[in-house]
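Enquirer: Handing you this structure, nothing more for now.
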Amino acid sequence: PPIPAKQRWVCMFLQPRRRWEKSMREITLSKAVNEAIAEEMRRDETIFLLGEDVAEAGTPFKILSGLVEEFGTDRIVDTPIAEPGFMGIAVGAAMTGSRPIVDLMFGDFLFLIMDQLCNQAAKTHYMSGGKLNVPLVLRTNLGATRRSAAQHSQSLHALVAHIPGLKVALPSSAYEAKGLLKTAIRDNNPVVIFEDKLMYNDKAPVPEEEFLIPFGVANIKRAGNDITLIATSSMVQVAEQAADILAEQGISAEVIDPRTIVPLDEETLINSVKKTSRAIVIDEGHQSYGITGEIASRLTEKAFYHLDAPVMRMGAMDVPVPFSPVLEDLTVPTPAGVAEMARKLCSGELIHAA
């Protein structure tokens with residue numbers, strides 16, 4: 001019988017792993033992004049990249065260094081400081097046969113391009129009756145604790161996840177960054193991919209051979225039986241560290257990285273919660289009206305009778321990100337904070353307190 005599409009993706013993703021064992025090397029997330037773009041640009045001449053300081057400067061984070069030397073200024077295009085303008089150029093190019101990658105220097109600049117992204121790119125396929133596609137990738141970043149103050153430290157992925165027609169990916173390591181970006185570039189829909197600014201120098205094993213990570217397939221980073229920790233982007237590391245703390249207390253935590261929030265792998269998340277009966281959702285975006293609330297709501301709706309406690313949420317404080325290091329560090333979830341909430345959930349303290 002024919003294999004379902006999602007299962008085919010999973011098979012394509014898993015089967016080569018045996019061959020990768022001898023070809024794995026540790027590279028930074030920055031290098032993984034650079035490799036993904038270079039490999040895709042060699043494969044497809046319709047791909048080009050544009051943004052501020054992307055050519056000779058290689059972006060402020062030096063992620064794209066070396067690409068202009070290989071592909072030239074016709075395909076690695078420095079733009080003026082005019083985000084609405086070059087985003088509009090990318091949307092038009094995508095509608096007429098190209099596959100642009102837009103480099104948005106900071107995720108905070110999303111506010112400048114919301115019309116082009118959310119009113120044009122996201123809606124064109126629907127409004128044209130399926131006759132037009134916008135195969136566009138918007139690369140940007142998120143994350144606080146980099147001492148960049150309120151206008152360069154926000155995590156705004158919930159804004160675009162709210163818009164039908166956009167796909168949203170959140171890599172949590174160099175491995176995910178490369179696999180998800182290559183998938184995004186080949187997708188015929190507009191995709192927004194957020195990288196955490198503090199993770200660009202973090203290393204992880206990445207195969208030398210080509211690989212893709214399918215959208216909508218979560219990754220169970222750590223198996224457990226007592227509580228499920230669902231975390232996005234850099235919060236995956238926070239959840240894993242919290243799981244280590246909990247293990248010392250005799251609590252077995254399952255850690256899951258959704259990888260993409262649109263599409264969201266509900267099945268994996270719900271099955272985990274049905275097994276553990278407890279869950280905490282951890283995200284660096286502001287907690288109110290954000291990703292934590294959406295995922296917690298879906299778990300409550302679809303796994304209600306399996307829950308022994310309310311689904312809890314941990315996000316960034318609902319304040320502008322402070323410039324003061326002492327204050328900034330207090331605004332985002334920490335391993336100790338996640339572990340303490342998990343302990344109280346498993347012991348019943350939170351229920352009794354309510």
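In the structure tokens, the first chain shown is A, the next is B, and so on; residue numbers restart at 1 for each chain, and ligands run from 1 in the order shown.
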From a DSSP calculation on the backbone, collect every residue of region 52-246 of chain A in helix (DSSP H, G or I) and output the set as a ChimeraX atom specification.

Expert: /A:67-71,83-95,107-121,124-127,157-161,174-186,197-199,235-246

Enquirer: Could you save those same residues with C-alpha atoms as a compact mmCIF listing (two decimals), in the first residue's frame?

Expert:
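Result written to selection17.txt:
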# COMPACT_ATOMS: atom_id res chain seq x y z
CA LEU A 67 29.12 33.45 -0.21
CA VAL A 68 29.59 36.58 -2.30
CA GLU A 69 33.01 35.34 -3.44
CA GLU A 70 31.43 32.18 -4.85
CA PHE A 71 28.12 33.48 -6.17
CA GLU A 83 13.32 46.63 4.82
CA PRO A 84 9.86 47.21 3.30
CA GLY A 85 11.49 47.85 -0.08
CA PHE A 86 13.70 44.78 -0.34
CA MET A 87 11.00 42.55 1.15
CA GLY A 88 8.65 43.76 -1.55
CA ILE A 89 11.30 43.02 -4.20
CA ALA A 90 11.61 39.47 -2.83
CA VAL A 91 7.86 38.86 -2.92
CA GLY A 92 7.65 40.04 -6.54
CA ALA A 93 10.67 37.94 -7.52
CA ALA A 94 9.18 34.86 -5.89
CA MET A 95 5.91 35.33 -7.76
CA GLY A 107 13.76 39.75 14.12
CA ASP A 108 12.61 43.00 15.71
CA PHE A 109 12.47 44.49 12.20
CA LEU A 110 9.49 42.26 11.38
CA PHE A 111 7.26 45.20 12.21
CA LEU A 112 8.68 47.02 9.18
CA ILE A 113 7.74 44.29 6.67
CA MET A 114 4.42 43.01 7.98
CA ASP A 115 2.40 44.19 4.98
CA GLN A 116 4.71 42.56 2.42
CA LEU A 117 5.00 39.34 4.43
CA CYS A 118 1.53 38.93 5.91
CA ASN A 119 -0.73 40.68 3.39
CA GLN A 120 1.13 39.82 0.18
CA ALA A 121 3.37 36.74 0.52
CA THR A 124 -1.10 35.38 -2.78
CA HIS A 125 -1.58 31.63 -3.31
CA TYR A 126 -5.06 31.74 -1.76
CA MET A 127 -6.17 34.94 -3.50
CA HIS A 157 7.70 34.29 16.16
CA ALA A 158 4.14 34.25 17.53
CA LEU A 159 3.30 37.23 15.31
CA VAL A 160 3.89 35.38 12.06
CA ALA A 161 2.64 32.03 13.37
CA ALA A 174 23.28 23.45 14.06
CA TYR A 175 21.78 20.14 12.93
CA GLU A 176 18.24 21.52 12.86
CA ALA A 177 19.39 24.82 11.39
CA LYS A 178 20.83 23.16 8.30
CA GLY A 179 18.12 20.56 7.75
CA LEU A 180 15.20 22.92 8.31
CA LEU A 181 16.69 25.72 6.19
CA LYS A 182 17.22 23.42 3.21
CA THR A 183 13.63 22.23 3.51
CA ALA A 184 12.43 25.84 3.76
CA ILE A 185 14.30 26.86 0.60
CA ARG A 186 12.68 24.03 -1.38
CA LYS A 197 21.34 34.95 18.25
CA LEU A 198 23.16 33.39 21.18
CA MET A 199 23.46 30.01 19.46
CA MET A 235 14.67 26.84 25.33
CA VAL A 236 15.34 23.23 24.24
CA GLN A 237 18.72 23.51 25.94
CA VAL A 238 17.04 25.01 29.00
CA ALA A 239 14.60 22.09 29.09
CA GLU A 240 17.40 19.53 28.73
CA GLN A 241 19.31 21.10 31.60
CA ALA A 242 16.12 21.14 33.68
CA ALA A 243 15.65 17.43 32.89
CA ASP A 244 19.15 16.76 34.27
CA ILE A 245 18.23 18.55 37.51
CA LEU A 246 14.97 16.59 37.74

Enquirer: Do a neighbour search on region 52-65 of chain A at 12 Å with only C-alpha atoms, toss out local chain neighbours closer than 5 positions, and write the hits as a ChimeraX atom specification.

Expert: /A:28-38,70-83,85-87,101-106,109,139-141,195-201

Enquirer: Which neighbours of region 304-318 of chain A fall inside 6 Å, counting only C-alpha atoms, when residues of the same chain fewer than 3 positions from it are skipped, and could you give them as a PyMOL selection string?

Expert: chain A and resi 274+277-287+292+296+300-301+331-332

Enquirer: For region 63-177 of chain A against region 252-264 of chain A, with a cut-off of 8 Å and counting only C-alpha atoms, what is the closest atom pair and its distance in Å to one decimal for every residue that makes the cut, ordered by chain and number, as JSON lines?

Expert:
{"residue": "A:Ala161", "atom": "CA", "partner": "A:Val262", "partner_atom": "CA", "distance": 6.4}
{"residue": "A:Leu166", "atom": "CA", "partner": "A:Val262", "partner_atom": "CA", "distance": 7.5}
{"residue": "A:Lys167", "atom": "CA", "partner": "A:Val262", "partner_atom": "CA", "distance": 5.0}
{"residue": "A:Val168", "atom": "CA", "partner": "A:Val262", "partner_atom": "CA", "distance": 5.0}
{"residue": "A:Ala169", "atom": "CA", "partner": "A:Thr260", "partner_atom": "CA", "distance": 4.2}
{"residue": "A:Leu170", "atom": "CA", "partner": "A:Arg259", "partner_atom": "CA", "distance": 5.4}
{"residue": "A:Pro171", "atom": "CA", "partner": "A:Arg259", "partner_atom": "CA", "distance": 5.8}
{"residue": "A:Ser172", "atom": "CA", "partner": "A:Arg259", "partner_atom": "CA", "distance": 7.3}
{"residue": "A:Glu176", "atom": "CA", "partner": "A:Arg259", "partner_atom": "CA", "distance": 7.6}

Enquirer: Could you dump the residues just selected with N, CA and C atoms as a PDB file, in the first residue's frame?

Expert:
ATOM      1  N   ALA A 161       3.338  33.307  13.235  1.00  0.00           N
ATOM      2  CA  ALA A 161       2.636  32.028  13.366  1.00  0.00           C
ATOM      3  C   ALA A 161       1.123  32.231  13.347  1.00  0.00           C
ATOM      4  N   LEU A 166       1.720  31.206   6.150  1.00  0.00           N
ATOM      5  CA  LEU A 166       3.142  31.228   6.471  1.00  0.00           C
ATOM      6  C   LEU A 166       3.511  29.978   7.252  1.00  0.00           C
ATOM      7  N   LYS A 167       4.689  29.435   6.964  1.00  0.00           N
ATOM      8  CA  LYS A 167       5.249  28.358   7.770  1.00  0.00           C
ATOM      9  C   LYS A 167       6.343  28.948   8.649  1.00  0.00           C
ATOM     10  N   VAL A 168       6.510  28.390   9.855  1.00  0.00           N
ATOM     11  CA  VAL A 168       7.430  28.980  10.824  1.00  0.00           C
ATOM     12  C   VAL A 168       8.288  27.888  11.449  1.00  0.00           C
ATOM     13  N   ALA A 169       9.618  28.026  11.313  1.00  0.00           N
ATOM     14  CA  ALA A 169      10.563  27.038  11.834  1.00  0.00           C
ATOM     15  C   ALA A 169      11.461  27.666  12.887  1.00  0.00           C
ATOM     16  N   LEU A 170      11.810  26.861  13.910  1.00  0.00           N
ATOM     17  CA  LEU A 170      12.642  27.334  15.014  1.00  0.00           C
ATOM     18  C   LEU A 170      13.741  26.309  15.293  1.00  0.00           C
ATOM     19  N   PRO A 171      14.875  26.384  14.613  1.00  0.00           N
ATOM     20  CA  PRO A 171      15.948  25.408  14.857  1.00  0.00           C
ATOM     21  C   PRO A 171      16.545  25.569  16.255  1.00  0.00           C
ATOM     22  N   SER A 172      16.899  24.428  16.869  1.00  0.00           N
ATOM     23  CA  SER A 172      17.444  24.444  18.223  1.00  0.00           C
ATOM     24  C   SER A 172      18.919  24.054  18.267  1.00  0.00           C
ATOM     25  N   GLU A 176      19.561  21.063  13.294  1.00  0.00           N
ATOM     26  CA  GLU A 176      18.236  21.516  12.861  1.00  0.00           C
ATOM     27  C   GLU A 176      18.334  22.721  11.934  1.00  0.00           C
TER      28      GLU A 176
END

Enquirer: Among region 230-269 of chain A, which residues carry a DSSP assignment of strand (DSSP E or B), reported as a PyMOL selection string?

Expert: chain A and resi 230-231+253-257+260-262

Enquirer: Taking N, CA, C and O atoms for each residue, export the selection above as a PDB file, in the first residue's frame.

Expert:
ATOM      1  N   ILE A 230       8.003  20.649  26.683  1.00  0.00           N
ATOM      2  CA  ILE A 230       7.968  21.027  25.270  1.00  0.00           C
ATOM      3  C   ILE A 230       8.629  22.389  25.152  1.00  0.00           C
ATOM      4  O   ILE A 230       8.177  23.363  25.761  1.00  0.00           O
ATOM      5  N   ALA A 231       9.720  22.470  24.385  1.00  0.00           N
ATOM      6  CA  ALA A 231      10.503  23.697  24.339  1.00  0.00           C
ATOM      7  C   ALA A 231      10.875  24.040  22.911  1.00  0.00           C
ATOM      8  O   ALA A 231      11.051  23.161  22.064  1.00  0.00           O
ATOM      9  N   ALA A 253      11.875  13.277  33.021  1.00  0.00           N
ATOM     10  CA  ALA A 253      11.254  14.270  32.135  1.00  0.00           C
ATOM     11  C   ALA A 253      11.498  13.919  30.677  1.00  0.00           C
ATOM     12  O   ALA A 253      12.621  13.588  30.286  1.00  0.00           O
ATOM     13  N   GLU A 254      10.442  13.994  29.874  1.00  0.00           N
ATOM     14  CA  GLU A 254      10.564  13.838  28.421  1.00  0.00           C
ATOM     15  C   GLU A 254      10.696  15.222  27.811  1.00  0.00           C
ATOM     16  O   GLU A 254       9.883  16.113  28.091  1.00  0.00           O
ATOM     17  N   VAL A 255      11.703  15.430  26.971  1.00  0.00           N
ATOM     18  CA  VAL A 255      11.957  16.732  26.355  1.00  0.00           C
ATOM     19  C   VAL A 255      11.666  16.632  24.861  1.00  0.00           C
ATOM     20  O   VAL A 255      12.215  15.763  24.175  1.00  0.00           O
ATOM     21  N   ILE A 256      10.820  17.530  24.363  1.00  0.00           N
ATOM     22  CA  ILE A 256      10.427  17.508  22.954  1.00  0.00           C
ATOM     23  C   ILE A 256      10.667  18.868  22.318  1.00  0.00           C
ATOM     24  O   ILE A 256      10.288  19.904  22.868  1.00  0.00           O
ATOM     25  N   ASP A 257      11.303  18.843  21.161  1.00  0.00           N
ATOM     26  CA  ASP A 257      11.528  20.031  20.341  1.00  0.00           C
ATOM     27  C   ASP A 257      10.569  19.959  19.152  1.00  0.00           C
ATOM     28  O   ASP A 257      10.734  19.118  18.265  1.00  0.00           O
ATOM     29  N   THR A 260       9.123  22.935  14.198  1.00  0.00           N
ATOM     30  CA  THR A 260       8.298  23.922  13.500  1.00  0.00           C
ATOM     31  C   THR A 260       7.032  24.139  14.319  1.00  0.00           C
ATOM     32  O   THR A 260       6.443  23.181  14.824  1.00  0.00           O
ATOM     33  N   ILE A 261       6.630  25.392  14.440  1.00  0.00           N
ATOM     34  CA  ILE A 261       5.365  25.671  15.131  1.00  0.00           C
ATOM     35  C   ILE A 261       4.223  25.806  14.139  1.00  0.00           C
ATOM     36  O   ILE A 261       3.063  25.698  14.508  1.00  0.00           O
ATOM     37  N   VAL A 262       4.556  26.031  12.866  1.00  0.00           N
ATOM     38  CA  VAL A 262       3.594  25.948  11.769  1.00  0.00           C
ATOM     39  C   VAL A 262       4.293  25.257  10.608  1.00  0.00           C
ATOM     40  O   VAL A 262       5.215  25.833  10.009  1.00  0.00           O
TER      41      VAL A 262
END

Enquirer: Taking only C-alpha atoms into account, name the residue in A:Leu138, A:Cys346, A:Ile27, A:Ala247 that is nearest to Ser173 (chain A).

Expert: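 Smallest distance to Ser173 (chain A) is found for A:Ile27.
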
Enquirer: Smallest atom-to-atom distance to Phe194 (chain A): which of A:Thr145, A:Lys275, A:Thr232, A:Gly224, using only C-alpha atoms?

Expert: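 Using only C-alpha atoms, Phe194 (chain A) sits closest to A:Thr232.
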
Enquirer: Please measure the separation of CA of His152 (chain A) and CA of Leu229 (chain A), giving the value in Å to one decimal.

Expert: 27.7 Å

Enquirer: List the spatial neighbours of Pro135 (chain A) as a VMD selection string - criterion: any atom at most 7 Å away, only C-alpha atoms, same-chain residues fewer than 2 positions off excluded.

Expert: chain A and resid 94 99 133 137 187 to 190

Enquirer: Using N, CA, C and O atoms, can you export the residues from the last selection as a CSV table (one decimal), in the first residue's frame?

Expert:
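For reference, again.csv as written:
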chain,number,residue,atom,x,y,z
A,94,ALA,N,9.7,36.2,-6.1
A,94,ALA,CA,9.2,34.9,-5.9
A,94,ALA,C,7.9,34.5,-6.7
A,94,ALA,O,7.8,33.4,-7.2
A,99,ARG,N,13.5,32.2,-6.3
A,99,ARG,CA,13.4,31.6,-5.0
A,99,ARG,C,14.3,32.4,-4.0
A,99,ARG,O,15.3,32.0,-3.7
A,133,ASN,N,2.4,31.0,-6.6
A,133,ASN,CA,3.1,30.6,-5.4
A,133,ASN,C,4.1,31.7,-5.0
A,133,ASN,O,4.6,32.5,-5.9
A,137,VAL,N,12.0,32.5,1.5
A,137,VAL,CA,12.4,32.2,2.8
A,137,VAL,C,12.8,33.5,3.5
A,137,VAL,O,13.7,34.3,2.9
A,187,ASP,N,10.6,24.7,-0.3
A,187,ASP,CA,9.2,24.8,-0.1
A,187,ASP,C,8.6,25.8,-1.0
A,187,ASP,O,9.2,26.8,-1.3
A,188,ASN,N,7.4,25.5,-1.6
A,188,ASN,CA,6.8,26.5,-2.5
A,188,ASN,C,5.9,27.5,-1.7
A,188,ASN,O,5.3,28.4,-2.4
A,189,ASN,N,6.0,27.5,-0.4
A,189,ASN,CA,5.2,28.5,0.4
A,189,ASN,C,6.2,29.4,1.1
A,189,ASN,O,7.4,29.0,1.3
A,190,PRO,N,5.8,30.6,1.5
A,190,PRO,CA,6.7,31.5,2.3
A,190,PRO,C,7.0,30.9,3.6
A,190,PRO,O,6.0,30.4,4.3

Enquirer: What is the CA of Gln154 (chain A)-CA of Met341 (chain A) distance in Å, reported with one decimal?

Expert: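 It comes out at 24.2 Å.
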
Enquirer: Between CA of Arg42 (chain A) and CA of Pro205 (chain A), measure the distance and give it in Å to one decimal.

Expert: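 Between these atoms lies a distance of 23.0 Å.
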